[in-house]
Amino acid sequence: MKKIASSEITPESVYRSRRRFLRSGLTFLGAAALAACAPGGVDESPKSPDLRSDKVDEFGDPATSFADITGFNNFYEFTTDKERVARLSQNFITSPWQVQVGGLVNQPGLWDLDALRRQFDQEERIYRLRCVEGWSMVIPWDGFPLRKLLDRVEPRSDAKYVRFETLYDPQQMPGQRDSYFSWPYVEGLRLDEAYHDLTILATGVYGQPLLPQNGAPVRLVVPWKYGFKSIKSIVKIELVAEMPTSLWMKAAPNEYGFYANVNPEVNHPRWSQATERRIGTSGRRATLMFNGYDRQVSPLYAGMDLRENY
Ligand SMILES: Nc1nc2c(c(=O)[nH]1)N[C@H]1C(S)=C(S)[C@@H](COP(=O)(O)O)O[C@H]1N2
Ligand SMILES: [Mo]
């Protein structure tokens with residue numbers, strides 16, 4: 001994948017002063033610039049829950065309101081301002097849409113979104129989403145296990161990881177004009193994580209097709225990992241032999257690792273991960289190991305040092 005360095009598209013002098021500006025900008029933008037990841041500083045008070053539902057997750061926690069799920073978002077391709085993502089993304093074109101599935105597979109191909117919806121039964125999965133910034137939601141997703149798609153494309157024995165890519169289209173996604181990040185957004189999973197039954201490709205929320213702010217028309221959801229692993233608006237899924245380098249690993253390798261499993265005992269270098277604020281409620285609650293999915297996923301990490309593999 002060829003990336004265009006900003007030095008190639010901007011005169012060198014402009015590029016240099018921009019880097020300086022961006023660097024000094026970090027002091028006042030603070031954590032916000034580096035933020036799948038900016039607690040404090042940002043006022044995280046989204047709209048009050050107006051749509052109520054009786055949906056609850058497997059722990060008995062009520063689902064977050066539709067208004068909050070669709071009004072408080074991280075989608076840096078549009079803006080780092082969570083409350084403006086919905087408006088800035090409202091004209092994002094999500095149809096037609098194709099996902100290229102390839103790499104180390106026997107059956108590579110282009111999957112039309114309608115084909116994905118038709119070929120794999122949509123299930124409702126009510127999952128917790130824990131952002132690395134220290135807030136959380138309970139989201140009723142509609143989607144299907146990623147494993148079903150992987151089975152269809154037949155990974156070869158040398159495939160060890162899955163690499164995901166978001167659409168790159170700075171015309172539509174103004175945040176991608178910011179060269180601080182290396183676009184497109186990339187994420188990755190180990191093959192066994194990708195095959196885990198909890199791992200889904202989501203195409204809807206609350207029984208409605210995903211809105212752009214939630215990653216329309218198709219996004220990953222990996223509920224035991226910090227939210228930034230759940231990559232939005234996917235155009236490419238590739239089976240690879242080497243561990244992919246995610247956008248966040250490139251941006252701040254000492255803060256964001258490949259695994260990014262929710263772990264209340266391993267703090268972010270700049271803040272504690274012991275507690276979280278559930279959007280739509282007051283106060284803070286304890287963050288659970290693997291976001292509460294400990295029983296289902298801890299065997300994936302048996303024998304691993306989870307401090308080292310953050
Ligand atoms: N392409 C892309 N995917 C992304 C992000 C992003 O900025 N770009 N943000 C991530 C982060 S930090 C979180 S917490 C979740 C938020 O998902 P939601 O807005 O649907 O709740 O999306 C993740 N997926
Ligand atoms: Mo996040």
# chains A, B, ... in the order shown; residues from 1 in each chain; ligands from 1
>>> select_by_dssp(residues="region 61-309 of chain A", states="strand (DSSP E)", output="ChimeraX atom specification")
/A:98-103,109-112,123-130,135-145,161-166,186-190,200-205,208-209,219-221,234-240,275-278,285-286
>>> select_by_dssp(residues="region 110-197 of chain A", states="alpha helix (DSSP H)", output="PyMOL selection string")
chain A and resi 113-119+146-153+191-195
>>> residues_around(residues="Phe290 (chain A)", least_positions_apart="4", cutoff="7 Å", atoms="only C-alpha atoms", output="PyMOL selection string")
chain A and resi 224-225+261-263+294
>>> write_last_selection(atoms="N, CA, C and O atoms", output="compact mmCIF listing (two decimals), in the first residue's frame")
# COMPACT_ATOMS: atom_id res chain seq x y z
N TRP A 224 -14.27 -6.70 23.54
CA TRP A 224 -13.35 -6.81 24.69
C TRP A 224 -12.12 -5.93 24.53
O TRP A 224 -11.25 -5.88 25.38
N LYS A 225 -12.04 -5.22 23.42
CA LYS A 225 -10.91 -4.33 23.16
C LYS A 225 -11.38 -2.87 23.20
O LYS A 225 -12.57 -2.60 23.01
N ASN A 261 -6.44 -4.66 24.56
CA ASN A 261 -7.50 -5.30 25.32
C ASN A 261 -7.87 -4.41 26.51
O ASN A 261 -6.99 -3.84 27.16
N VAL A 262 -9.16 -4.29 26.78
CA VAL A 262 -9.58 -3.50 27.94
C VAL A 262 -9.00 -4.17 29.19
O VAL A 262 -9.18 -5.37 29.40
N ASN A 263 -8.27 -3.38 29.98
CA ASN A 263 -7.60 -3.93 31.15
C ASN A 263 -7.48 -2.85 32.22
O ASN A 263 -6.67 -1.93 32.09
N ASP A 294 -14.30 -11.47 29.99
CA ASP A 294 -13.18 -12.25 30.49
C ASP A 294 -13.35 -13.76 30.23
O ASP A 294 -12.47 -14.41 29.66
>>> residues_around(residues="region 179-193 of chain A", least_positions_apart="5", cutoff="6 Å", atoms="only C-alpha atoms", output="list in words")
Lys160, Tyr161, Val162, Arg163, Phe164, Glu165, Thr166, Tyr168, Pro244, Ser246 and Leu247 of chain A
>>> write_last_selection(atoms="N, CA, C and O atoms", output="mmCIF file, in the first residue's frame")
data_model
loop_
_atom_site.group_PDB
_atom_site.id
_atom_site.type_symbol
_atom_site.label_atom_id
_atom_site.label_comp_id
_atom_site.auth_asym_id
_atom_site.auth_seq_id
_atom_site.Cartn_x
_atom_site.Cartn_y
_atom_site.Cartn_z
ATOM 1 N N LYS A 160 -1.873 -15.147 9.336
ATOM 2 C CA LYS A 160 -1.805 -15.115 10.809
ATOM 3 C C LYS A 160 -2.579 -13.948 11.409
ATOM 4 O O LYS A 160 -2.901 -13.944 12.594
ATOM 5 N N TYR A 161 -2.819 -12.929 10.611
ATOM 6 C CA TYR A 161 -3.498 -11.728 11.097
ATOM 7 C C TYR A 161 -4.504 -11.256 10.056
ATOM 8 O O TYR A 161 -4.410 -11.630 8.883
ATOM 9 N N VAL A 162 -5.443 -10.417 10.519
ATOM 10 C CA VAL A 162 -6.370 -9.767 9.589
ATOM 11 C C VAL A 162 -6.140 -8.266 9.694
ATOM 12 O O VAL A 162 -6.056 -7.716 10.796
ATOM 13 N N ARG A 163 -6.023 -7.642 8.545
ATOM 14 C CA ARG A 163 -5.774 -6.204 8.484
ATOM 15 C C ARG A 163 -6.999 -5.520 7.861
ATOM 16 O O ARG A 163 -7.504 -5.987 6.827
ATOM 17 N N PHE A 164 -7.461 -4.462 8.492
ATOM 18 C CA PHE A 164 -8.666 -3.757 8.032
ATOM 19 C C PHE A 164 -8.303 -2.329 7.660
ATOM 20 O O PHE A 164 -7.460 -1.704 8.305
ATOM 21 N N GLU A 165 -8.988 -1.818 6.657
ATOM 22 C CA GLU A 165 -8.733 -0.456 6.225
ATOM 23 C C GLU A 165 -10.046 0.298 6.021
ATOM 24 O O GLU A 165 -10.989 -0.226 5.434
ATOM 25 N N THR A 166 -10.067 1.542 6.468
ATOM 26 C CA THR A 166 -11.210 2.442 6.251
ATOM 27 C C THR A 166 -11.051 3.128 4.896
ATOM 28 O O THR A 166 -9.933 3.272 4.387
ATOM 29 N N TYR A 168 -10.376 5.789 2.169
ATOM 30 C CA TYR A 168 -9.563 7.006 2.097
ATOM 31 C C TYR A 168 -10.185 7.914 1.060
ATOM 32 O O TYR A 168 -10.182 7.597 -0.130
ATOM 33 N N PRO A 244 -0.197 -6.389 11.612
ATOM 34 C CA PRO A 244 -0.394 -5.074 10.989
ATOM 35 C C PRO A 244 -0.058 -3.945 11.965
ATOM 36 O O PRO A 244 -0.183 -4.104 13.178
ATOM 37 N N SER A 246 -1.271 -0.460 13.193
ATOM 38 C CA SER A 246 -2.490 0.345 13.130
ATOM 39 C C SER A 246 -2.156 1.834 13.083
ATOM 40 O O SER A 246 -1.028 2.235 13.375
ATOM 41 N N LEU A 247 -3.140 2.620 12.707
ATOM 42 C CA LEU A 247 -2.958 4.079 12.719
ATOM 43 C C LEU A 247 -2.529 4.564 14.096
ATOM 44 O O LEU A 247 -1.655 5.414 14.219
#
>>> residues_around(residues="Phe75 (chain A)", least_positions_apart="3", cutoff="10 Å", atoms="only C-alpha atoms", output="list in words")
Ala36, Phe72, Phe78, Thr79, Thr80, Asp81, Lys82, Arg84, Val85, Ala86, Ser89, Met173, Gly175, Tyr185, Pro212, Gln213, Asn214, Gly215, Phe228, Ile231, Lys232 and Ser233 of chain A
>>> residues_around(residues="region 267-284 of chain A", least_positions_apart="3", cutoff="7 Å", atoms="only C-alpha atoms", output="list in words")
Ser48, Pro49, Thr64, Gly134, Trp135, Ser136, Met137, Glu255, Pro264 and Thr287 of chain A
>>> write_last_selection(atoms="N, CA, C and O atoms", output="mmCIF file, in the first residue's frame")
data_model
loop_
_atom_site.group_PDB
_atom_site.id
_atom_site.type_symbol
_atom_site.label_atom_id
_atom_site.label_comp_id
_atom_site.auth_asym_id
_atom_site.auth_seq_id
_atom_site.Cartn_x
_atom_site.Cartn_y
_atom_site.Cartn_z
ATOM 1 N N SER A 48 -29.036 14.164 26.341
ATOM 2 C CA SER A 48 -29.647 13.306 27.353
ATOM 3 C C SER A 48 -30.426 12.198 26.667
ATOM 4 O O SER A 48 -30.889 12.350 25.545
ATOM 5 N N PRO A 49 -30.572 11.070 27.318
ATOM 6 C CA PRO A 49 -31.264 9.942 26.697
ATOM 7 C C PRO A 49 -32.717 10.330 26.420
ATOM 8 O O PRO A 49 -33.442 10.624 27.348
ATOM 9 N N THR A 64 -27.590 2.142 25.851
ATOM 10 C CA THR A 64 -27.465 3.597 25.736
ATOM 11 C C THR A 64 -28.494 4.083 24.722
ATOM 12 O O THR A 64 -28.880 3.351 23.811
ATOM 13 N N GLY A 134 -11.934 6.478 28.502
ATOM 14 C CA GLY A 134 -12.542 6.353 29.817
ATOM 15 C C GLY A 134 -14.045 6.552 29.865
ATOM 16 O O GLY A 134 -14.600 6.811 30.930
ATOM 17 N N TRP A 135 -14.707 6.443 28.722
ATOM 18 C CA TRP A 135 -16.169 6.460 28.731
ATOM 19 C C TRP A 135 -16.671 5.193 28.043
ATOM 20 O O TRP A 135 -15.915 4.512 27.342
ATOM 21 N N SER A 136 -17.937 4.872 28.284
ATOM 22 C CA SER A 136 -18.468 3.638 27.694
ATOM 23 C C SER A 136 -19.948 3.788 27.344
ATOM 24 O O SER A 136 -20.616 4.718 27.797
ATOM 25 N N MET A 137 -20.407 2.870 26.522
ATOM 26 C CA MET A 137 -21.814 2.808 26.123
ATOM 27 C C MET A 137 -22.208 1.338 26.074
ATOM 28 O O MET A 137 -21.351 0.455 26.142
ATOM 29 N N GLU A 255 1.737 4.560 23.592
ATOM 30 C CA GLU A 255 0.417 4.675 24.216
ATOM 31 C C GLU A 255 -0.560 3.632 23.692
ATOM 32 O O GLU A 255 -1.454 3.202 24.422
ATOM 33 N N PRO A 264 -8.303 -2.965 33.285
ATOM 34 C CA PRO A 264 -8.300 -1.917 34.315
ATOM 35 C C PRO A 264 -6.980 -1.819 35.068
ATOM 36 O O PRO A 264 -6.731 -0.832 35.744
ATOM 37 N N THR A 287 -14.041 -0.393 35.629
ATOM 38 C CA THR A 287 -13.827 -1.040 34.328
ATOM 39 C C THR A 287 -13.482 -2.498 34.586
ATOM 40 O O THR A 287 -12.739 -2.818 35.503
#
>>> closest_residue(among="A:Asp57, A:Leu149, A:Glu133, A:Tyr310", to="Gln119 (chain A)", atoms="only C-alpha atoms")
A:Leu149
>>> atom_distance(atom1="CA of Phe120 (chain A)", atom2="CA of Gly103 (chain A)")
21.4 Å
>>> atom_distance(atom1="CA of Tyr259 (chain A)", atom2="CA of Phe66 (chain A)")
28.9 Å
>>> closest_residue(among="A:Tyr76, A:Tyr293, A:Arg152, A:Arg147", to="Trp248 (chain A)", atoms="only C-alpha atoms")
A:Tyr76
>>> closest_residue(among="A:Pro209, A:Gly109, A:Gly303, A:Gly227", to="ligand 1", atoms="only C-alpha atoms and all ligand atoms")
A:Gly227
>>> closest_residue(among="A:Asp151, A:Asp114, A:Asp169, A:Glu238", to="ligand 1", atoms="only C-alpha atoms and all ligand atoms")
A:Asp169
